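What follows is one structure encoded as structure tokens, with my remarks underneath.
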Amino acid sequence: MADKILSRLSTVAGGLAVGGFALNSCIYNVDGGERAVMFDMLRGGIRDDTRGEGTHLFIPGIQKPTIMDVRTRPREIPSVTGTKDLQMVNIKLRVLWRPVVEKLPQLYRELNVDFDERVLPSIGNEVLKSVVAQYNAEELLSKREEVSNRIRDDLNKRAATFYLVLDDVAITHLTFGREFTKAIESKQVALQESERQAWVVKKAEQERKAVVLRAEGEAEAANIITNAMEKNGNAIIEVRRIDAAKDIAAKLANSKNVTYLPSSGGGDKGSNLLLSVDK
């Protein structure tokens with residue numbers, strides 16, 4: 001009796017295991033940010049609809065699901081191209097892209113799952129070369145926003161033909177060849193030198209004006225003195241001599257190394273001296 005019960009239990013367990021394995025082989029999961037494209041042999045290839053997030057059933061051997069990412073992803077597209085004035089420029093473009101969900105079956109049918117590797121570098125280089133060739137090197141710097149907008153618009157049009165949506169397009173790197181870089185540096189040096197020369201000329205002009213004003217002031221002072229002498233004789237000169245003597249005497253009096261030497265003759269005929277004696 002016990003043997004029959006154990007036999008039945010083992011049979012049931014084996015059936016459940018086989019059933020669980022078969023069921024597990026017939027289901028697949030689609031995670032967040034993904035979609036599934038189904039290949040169905042009975043319906044003649046890839047089905048035109050997609051499966052959303054969740055758990056789904058399929059028939060092994062007849063159907064084959066392919067999981068595809070539909071989230072926005074970044075892509076950097078480098079390119080070396082020529083400008084309108086034949087200068088070589090190294091430019092890099094950063095693109096945020098995602099596929100059109102409704103067109104995933106057609107994308108998979110025409111380009112497989114690596115459609116971004118096949119499409120983005122090709123159309124990115126094509127658009128970059130086309131747009132950059134319409135500007136010279138200096139315009140790429142002075143009109144960078146305009147260039148970026150044209151690249152974005154043209155790239156969006158090309159990507160739409162491959163069922164791709166570009167959420168953002170931006171120029172992240174822009175450098176020129178050595179010859180153009182040296183020419184820019186030389187131009188900057190020449191500009192700085194011209195500005196310095198202009199400053200020197202302006203300074204010289206100001207100094208010349210100062211000299212003229214100083215000379216005019218001295219001439220006016222001389223005229224005043226001359227007019228005063230014509231009216232009052234040499235009295236003004238004597239007053240200035242006395243003022244100068246007072247200033248000299250005050251300076252010598254405050255010095256510690258000054259010695260007073262009276263005249264030896266006495267009276268008013270001799271000369272009194274103030275000597276500065278060094279230690």
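In the structure tokens, each chain is lettered A, B, ... as it comes, each chain's residues begin at 1, and ligands are numbered from 1 in order of appearance.
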Selection: 10 Å around Gly45 (chain A), only C-alpha atoms, excl. self and same-chain fewer than 6 positions, as a PyMOL selection string: chain A and resi 38-39+63-64+109
Mind running region 113-180 of chain A against region 83-91 of chain A at 6 Å and telling me each contacting residue's nearest atom pair with the distance in Å (one decimal), counting only C-alpha atoms, chain and number ascending, as a Markdown table?
```
| residue | atom | partner | partner_atom | distance |
| --- | --- | --- | --- | --- |
| A:Val132 | CA | A:Thr83 | CA | 5.6 |
| A:Ala133 | CA | A:Thr83 | CA | 4.6 |
| A:Gln134 | CA | A:Lys84 | CA | 5.6 |
| A:Tyr135 | CA | A:Lys84 | CA | 5.2 |
| A:Asn136 | CA | A:Lys84 | CA | 4.6 |
| A:His173 | CA | A:Ile91 | CA | 5.4 |
| A:Leu174 | CA | A:Ile91 | CA | 4.6 |
| A:Thr175 | CA | A:Asn90 | CA | 5.2 |
| A:Phe176 | CA | A:Val89 | CA | 4.5 |
| A:Gly177 | CA | A:Met88 | CA | 5.7 |
```
Selection to disk with N, CA and C atoms, as a PDB file, in the first residue's frame:
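Result file follows (selection_32.pdb):
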```
ATOM      1  N   VAL A 132      29.272  71.805 -41.582  1.00  0.00           N
ATOM      2  CA  VAL A 132      30.546  72.492 -41.304  1.00  0.00           C
ATOM      3  C   VAL A 132      31.136  73.076 -42.582  1.00  0.00           C
ATOM      4  N   ALA A 133      30.931  72.401 -43.702  1.00  0.00           N
ATOM      5  CA  ALA A 133      31.488  72.868 -44.974  1.00  0.00           C
ATOM      6  C   ALA A 133      30.880  74.194 -45.427  1.00  0.00           C
ATOM      7  N   GLN A 134      29.781  74.631 -44.799  1.00  0.00           N
ATOM      8  CA  GLN A 134      29.137  75.884 -45.187  1.00  0.00           C
ATOM      9  C   GLN A 134      29.624  77.081 -44.371  1.00  0.00           C
ATOM     10  N   TYR A 135      30.536  76.854 -43.432  1.00  0.00           N
ATOM     11  CA  TYR A 135      31.067  77.929 -42.584  1.00  0.00           C
ATOM     12  C   TYR A 135      32.587  77.907 -42.635  1.00  0.00           C
ATOM     13  N   ASN A 136      33.178  79.107 -42.473  1.00  0.00           N
ATOM     14  CA  ASN A 136      34.632  79.135 -42.335  1.00  0.00           C
ATOM     15  C   ASN A 136      34.996  78.931 -40.861  1.00  0.00           C
ATOM     16  N   HIS A 173      32.854  69.180 -28.413  1.00  0.00           N
ATOM     17  CA  HIS A 173      34.299  69.330 -28.631  1.00  0.00           C
ATOM     18  C   HIS A 173      34.519  69.943 -30.015  1.00  0.00           C
ATOM     19  N   LEU A 174      35.380  70.968 -30.054  1.00  0.00           N
ATOM     20  CA  LEU A 174      35.645  71.650 -31.324  1.00  0.00           C
ATOM     21  C   LEU A 174      37.075  72.181 -31.309  1.00  0.00           C
ATOM     22  N   THR A 175      37.951  71.575 -32.090  1.00  0.00           N
ATOM     23  CA  THR A 175      39.345  72.019 -32.175  1.00  0.00           C
ATOM     24  C   THR A 175      39.757  72.099 -33.637  1.00  0.00           C
ATOM     25  N   PHE A 176      40.765  72.946 -33.882  1.00  0.00           N
ATOM     26  CA  PHE A 176      41.263  73.146 -35.245  1.00  0.00           C
ATOM     27  C   PHE A 176      42.673  72.584 -35.385  1.00  0.00           C
ATOM     28  N   GLY A 177      43.153  72.584 -36.619  1.00  0.00           N
ATOM     29  CA  GLY A 177      44.498  72.101 -36.886  1.00  0.00           C
ATOM     30  C   GLY A 177      45.572  73.036 -36.334  1.00  0.00           C
TER      31      GLY A 177
END
```
When distances are computed from only C-alpha atoms, which of A:Ala245, A:Val165, A:Ala250, A:Ala198 shows the smallest separation from Leu96 (chain A)?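 For Leu96 (chain A), the nearest of the candidates is A:Val165.
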Residue set, region 14-148 of chain A restricted to helix (DSSP H, G or I), as a tab-separated table (two decimals) with N, CA, C and O atoms, in the first residue's frame:
```
chain	number	residue	atom	x	y	z
A	14	GLY	N	7.04	14.08	-10.71
A	14	GLY	CA	7.69	14.12	-12.01
A	14	GLY	C	6.87	14.89	-13.03
A	14	GLY	O	7.40	15.67	-13.83
A	15	GLY	N	5.54	14.67	-12.99
A	15	GLY	CA	4.68	15.40	-13.91
A	15	GLY	C	4.71	16.90	-13.66
A	15	GLY	O	4.74	17.69	-14.60
A	16	LEU	N	4.70	17.26	-12.36
A	16	LEU	CA	4.78	18.69	-12.04
A	16	LEU	C	6.10	19.30	-12.47
A	16	LEU	O	6.15	20.44	-12.96
A	17	ALA	N	7.20	18.53	-12.31
A	17	ALA	CA	8.51	19.04	-12.72
A	17	ALA	C	8.56	19.24	-14.22
A	17	ALA	O	9.05	20.27	-14.72
A	18	VAL	N	8.05	18.23	-14.94
A	18	VAL	CA	8.05	18.36	-16.40
A	18	VAL	C	7.15	19.52	-16.83
A	18	VAL	O	7.49	20.32	-17.72
A	19	GLY	N	5.99	19.64	-16.15
A	19	GLY	CA	5.08	20.73	-16.49
A	19	GLY	C	5.69	22.09	-16.17
A	19	GLY	O	5.55	23.05	-16.95
A	20	GLY	N	6.38	22.18	-15.01
A	20	GLY	CA	7.03	23.44	-14.64
A	20	GLY	C	8.13	23.81	-15.62
A	20	GLY	O	8.26	24.98	-16.01
A	21	PHE	N	8.90	22.80	-16.03
A	21	PHE	CA	9.97	23.07	-17.01
A	21	PHE	C	9.40	23.52	-18.34
A	21	PHE	O	9.90	24.46	-18.98
A	22	ALA	N	8.30	22.83	-18.76
A	22	ALA	CA	7.67	23.20	-20.02
A	22	ALA	C	7.09	24.60	-19.96
A	22	ALA	O	7.21	25.39	-20.90
A	23	LEU	N	6.45	24.92	-18.80
A	23	LEU	CA	5.87	26.26	-18.65
A	23	LEU	C	6.96	27.32	-18.62
A	23	LEU	O	6.81	28.39	-19.22
A	24	ASN	N	8.06	27.01	-17.91
A	24	ASN	CA	9.16	27.98	-17.84
A	24	ASN	C	9.79	28.21	-19.21
A	24	ASN	O	10.29	29.30	-19.50
A	101	VAL	N	8.92	53.35	-30.70
A	101	VAL	CA	8.46	52.03	-30.23
A	101	VAL	C	7.60	51.35	-31.29
A	101	VAL	O	7.73	50.13	-31.53
A	102	GLU	N	6.71	52.09	-31.92
A	102	GLU	CA	5.80	51.49	-32.90
A	102	GLU	C	6.55	50.94	-34.12
A	102	GLU	O	6.00	50.10	-34.86
A	103	LYS	N	7.78	51.42	-34.36
A	103	LYS	CA	8.54	50.99	-35.53
A	103	LYS	C	9.62	49.96	-35.19
A	103	LYS	O	10.46	49.65	-36.04
A	104	LEU	N	9.60	49.43	-33.98
A	104	LEU	CA	10.63	48.45	-33.60
A	104	LEU	C	10.64	47.21	-34.50
A	104	LEU	O	11.71	46.73	-34.89
A	105	PRO	N	9.47	46.62	-34.86
A	105	PRO	CA	9.52	45.47	-35.77
A	105	PRO	C	10.20	45.77	-37.10
A	105	PRO	O	10.98	44.96	-37.61
A	106	GLN	N	9.91	46.94	-37.66
A	106	GLN	CA	10.53	47.30	-38.92
A	106	GLN	C	12.03	47.56	-38.75
A	106	GLN	O	12.84	47.19	-39.61
A	107	LEU	N	12.41	48.20	-37.63
A	107	LEU	CA	13.84	48.40	-37.34
A	107	LEU	C	14.56	47.07	-37.24
A	107	LEU	O	15.65	46.88	-37.79
A	108	TYR	N	13.95	46.15	-36.50
A	108	TYR	CA	14.58	44.83	-36.32
A	108	TYR	C	14.66	44.08	-37.64
A	108	TYR	O	15.64	43.41	-37.94
A	109	ARG	N	13.61	44.22	-38.44
A	109	ARG	CA	13.58	43.52	-39.72
A	109	ARG	C	14.65	44.06	-40.68
A	109	ARG	O	15.28	43.28	-41.40
A	110	GLU	N	14.87	45.36	-40.67
A	110	GLU	CA	15.78	45.97	-41.64
A	110	GLU	C	17.22	46.09	-41.12
A	110	GLU	O	18.17	45.97	-41.91
A	111	LEU	N	17.40	46.34	-39.80
A	111	LEU	CA	18.73	46.66	-39.29
A	111	LEU	C	19.19	45.81	-38.12
A	111	LEU	O	20.29	46.02	-37.61
A	115	PHE	N	20.92	48.47	-34.53
A	115	PHE	CA	20.60	49.50	-35.53
A	115	PHE	C	21.29	50.82	-35.21
A	115	PHE	O	21.62	51.58	-36.11
A	116	ASP	N	21.52	51.13	-33.93
A	116	ASP	CA	22.18	52.39	-33.59
A	116	ASP	C	23.62	52.41	-34.08
A	116	ASP	O	24.13	53.45	-34.51
A	117	GLU	N	24.31	51.28	-34.01
A	117	GLU	CA	25.68	51.20	-34.51
A	117	GLU	C	25.73	51.36	-36.02
A	117	GLU	O	26.71	51.86	-36.57
A	118	ARG	N	24.69	50.95	-36.68
A	118	ARG	CA	24.66	51.03	-38.14
A	118	ARG	C	24.24	52.41	-38.64
A	118	ARG	O	24.69	52.86	-39.69
A	119	VAL	N	23.39	53.11	-37.87
A	119	VAL	CA	22.76	54.33	-38.37
A	119	VAL	C	23.45	55.60	-37.85
A	119	VAL	O	23.83	56.48	-38.64
A	120	LEU	N	23.59	55.75	-36.53
A	120	LEU	CA	24.02	57.02	-35.94
A	120	LEU	C	25.39	57.49	-36.42
A	120	LEU	O	25.54	58.66	-36.78
A	121	PRO	N	26.44	56.66	-36.43
A	121	PRO	CA	27.73	57.17	-36.93
A	121	PRO	C	27.66	57.62	-38.39
A	121	PRO	O	28.28	58.62	-38.76
A	122	SER	N	26.89	56.91	-39.18
A	122	SER	CA	26.80	57.24	-40.61
A	122	SER	C	26.11	58.58	-40.83
A	122	SER	O	26.65	59.49	-41.47
A	123	ILE	N	24.89	58.73	-40.30
A	123	ILE	CA	24.16	59.98	-40.53
A	123	ILE	C	24.80	61.14	-39.77
A	123	ILE	O	24.74	62.29	-40.20
A	124	GLY	N	25.43	60.85	-38.61
A	124	GLY	CA	26.10	61.91	-37.86
A	124	GLY	C	27.24	62.52	-38.64
A	124	GLY	O	27.37	63.75	-38.75
A	125	ASN	N	28.11	61.68	-39.20
A	125	ASN	CA	29.23	62.19	-40.01
A	125	ASN	C	28.73	62.88	-41.27
A	125	ASN	O	29.30	63.89	-41.69
A	126	GLU	N	27.69	62.35	-41.87
A	126	GLU	CA	27.15	62.97	-43.08
A	126	GLU	C	26.66	64.39	-42.81
A	126	GLU	O	26.98	65.33	-43.54
A	127	VAL	N	25.90	64.56	-41.73
A	127	VAL	CA	25.35	65.88	-41.40
A	127	VAL	C	26.46	66.83	-40.97
A	127	VAL	O	26.48	68.01	-41.37
A	128	LEU	N	27.40	66.36	-40.15
A	128	LEU	CA	28.50	67.22	-39.69
A	128	LEU	C	29.31	67.75	-40.86
A	128	LEU	O	29.61	68.95	-40.94
A	129	LYS	N	29.68	66.88	-41.78
A	129	LYS	CA	30.47	67.31	-42.93
A	129	LYS	C	29.69	68.29	-43.81
A	129	LYS	O	30.25	69.25	-44.34
A	130	SER	N	28.38	68.06	-43.96
A	130	SER	CA	27.56	68.92	-44.80
A	130	SER	C	27.41	70.31	-44.20
A	130	SER	O	27.52	71.32	-44.91
A	131	VAL	N	27.17	70.40	-42.89
A	131	VAL	CA	26.93	71.70	-42.25
A	131	VAL	C	28.23	72.47	-42.06
A	131	VAL	O	28.31	73.67	-42.36
A	132	VAL	N	29.27	71.80	-41.58
A	132	VAL	CA	30.55	72.49	-41.30
A	132	VAL	C	31.14	73.08	-42.58
A	132	VAL	O	31.76	74.14	-42.57
A	137	ALA	N	36.30	78.83	-40.59
A	137	ALA	CA	36.75	78.46	-39.25
A	137	ALA	C	36.32	79.46	-38.19
A	137	ALA	O	35.87	79.08	-37.10
A	138	GLU	N	36.43	80.75	-38.50
A	138	GLU	CA	36.07	81.76	-37.50
A	138	GLU	C	34.57	81.76	-37.23
A	138	GLU	O	34.13	82.00	-36.11
A	139	GLU	N	33.76	81.48	-38.25
A	139	GLU	CA	32.31	81.46	-38.06
A	139	GLU	C	31.88	80.30	-37.18
A	139	GLU	O	30.87	80.38	-36.48
A	140	LEU	N	32.63	79.20	-37.20
A	140	LEU	CA	32.30	78.08	-36.32
A	140	LEU	C	32.41	78.48	-34.85
A	140	LEU	O	31.69	77.93	-34.00
A	141	LEU	N	33.28	79.45	-34.56
A	141	LEU	CA	33.43	79.93	-33.19
A	141	LEU	C	32.43	81.03	-32.88
A	141	LEU	O	31.79	81.02	-31.82
A	142	SER	N	32.29	81.98	-33.80
A	142	SER	CA	31.42	83.13	-33.53
A	142	SER	C	29.94	82.80	-33.69
A	142	SER	O	29.08	83.44	-33.09
A	144	ARG	N	28.53	79.62	-33.14
A	144	ARG	CA	28.44	78.23	-32.67
A	144	ARG	C	27.00	77.80	-32.43
A	144	ARG	O	26.61	76.68	-32.75
A	145	GLU	N	26.19	78.67	-31.86
A	145	GLU	CA	24.79	78.31	-31.60
A	145	GLU	C	24.03	78.07	-32.90
A	145	GLU	O	23.24	77.13	-33.00
A	146	GLU	N	24.27	78.92	-33.89
A	146	GLU	CA	23.61	78.73	-35.19
A	146	GLU	C	24.03	77.42	-35.83
A	146	GLU	O	23.18	76.67	-36.36
A	147	VAL	N	25.33	77.11	-35.77
A	147	VAL	CA	25.83	75.86	-36.34
A	147	VAL	C	25.20	74.67	-35.62
A	147	VAL	O	24.77	73.69	-36.24
A	148	SER	N	25.14	74.74	-34.28
A	148	SER	CA	24.56	73.65	-33.50
A	148	SER	C	23.09	73.44	-33.84
A	148	SER	O	22.63	72.29	-33.97
```
For CA of Pro65 (chain A) and CA of Asp167 (chain A), the interatomic separation in Å (one decimal): 27.9 Å
Could you name the residues that touch Arg98 (chain A) at 7 Å or less, counting only C-alpha atoms, but leaving out those on the same chain fewer than 2 positions away, as a PyMOL selection string? chain A and resi 70-73+100+164-166
Report the distance between CA of Val113 (chain A) and CA of Met68 (chain A) in Å, rounded to one decimal place. 7.0 Å
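Excluding Arg75 (chain A) itself and same-chain residues fewer than 4 positions from it, the residues having an atom within 8 Å of it are Arg94, Val95, Leu96 and Trp97 of chain A, counting only C-alpha atoms.
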From CA of Trp199 (chain A) to CA of Glu216 (chain A) the spacing works out at 25.6 Å
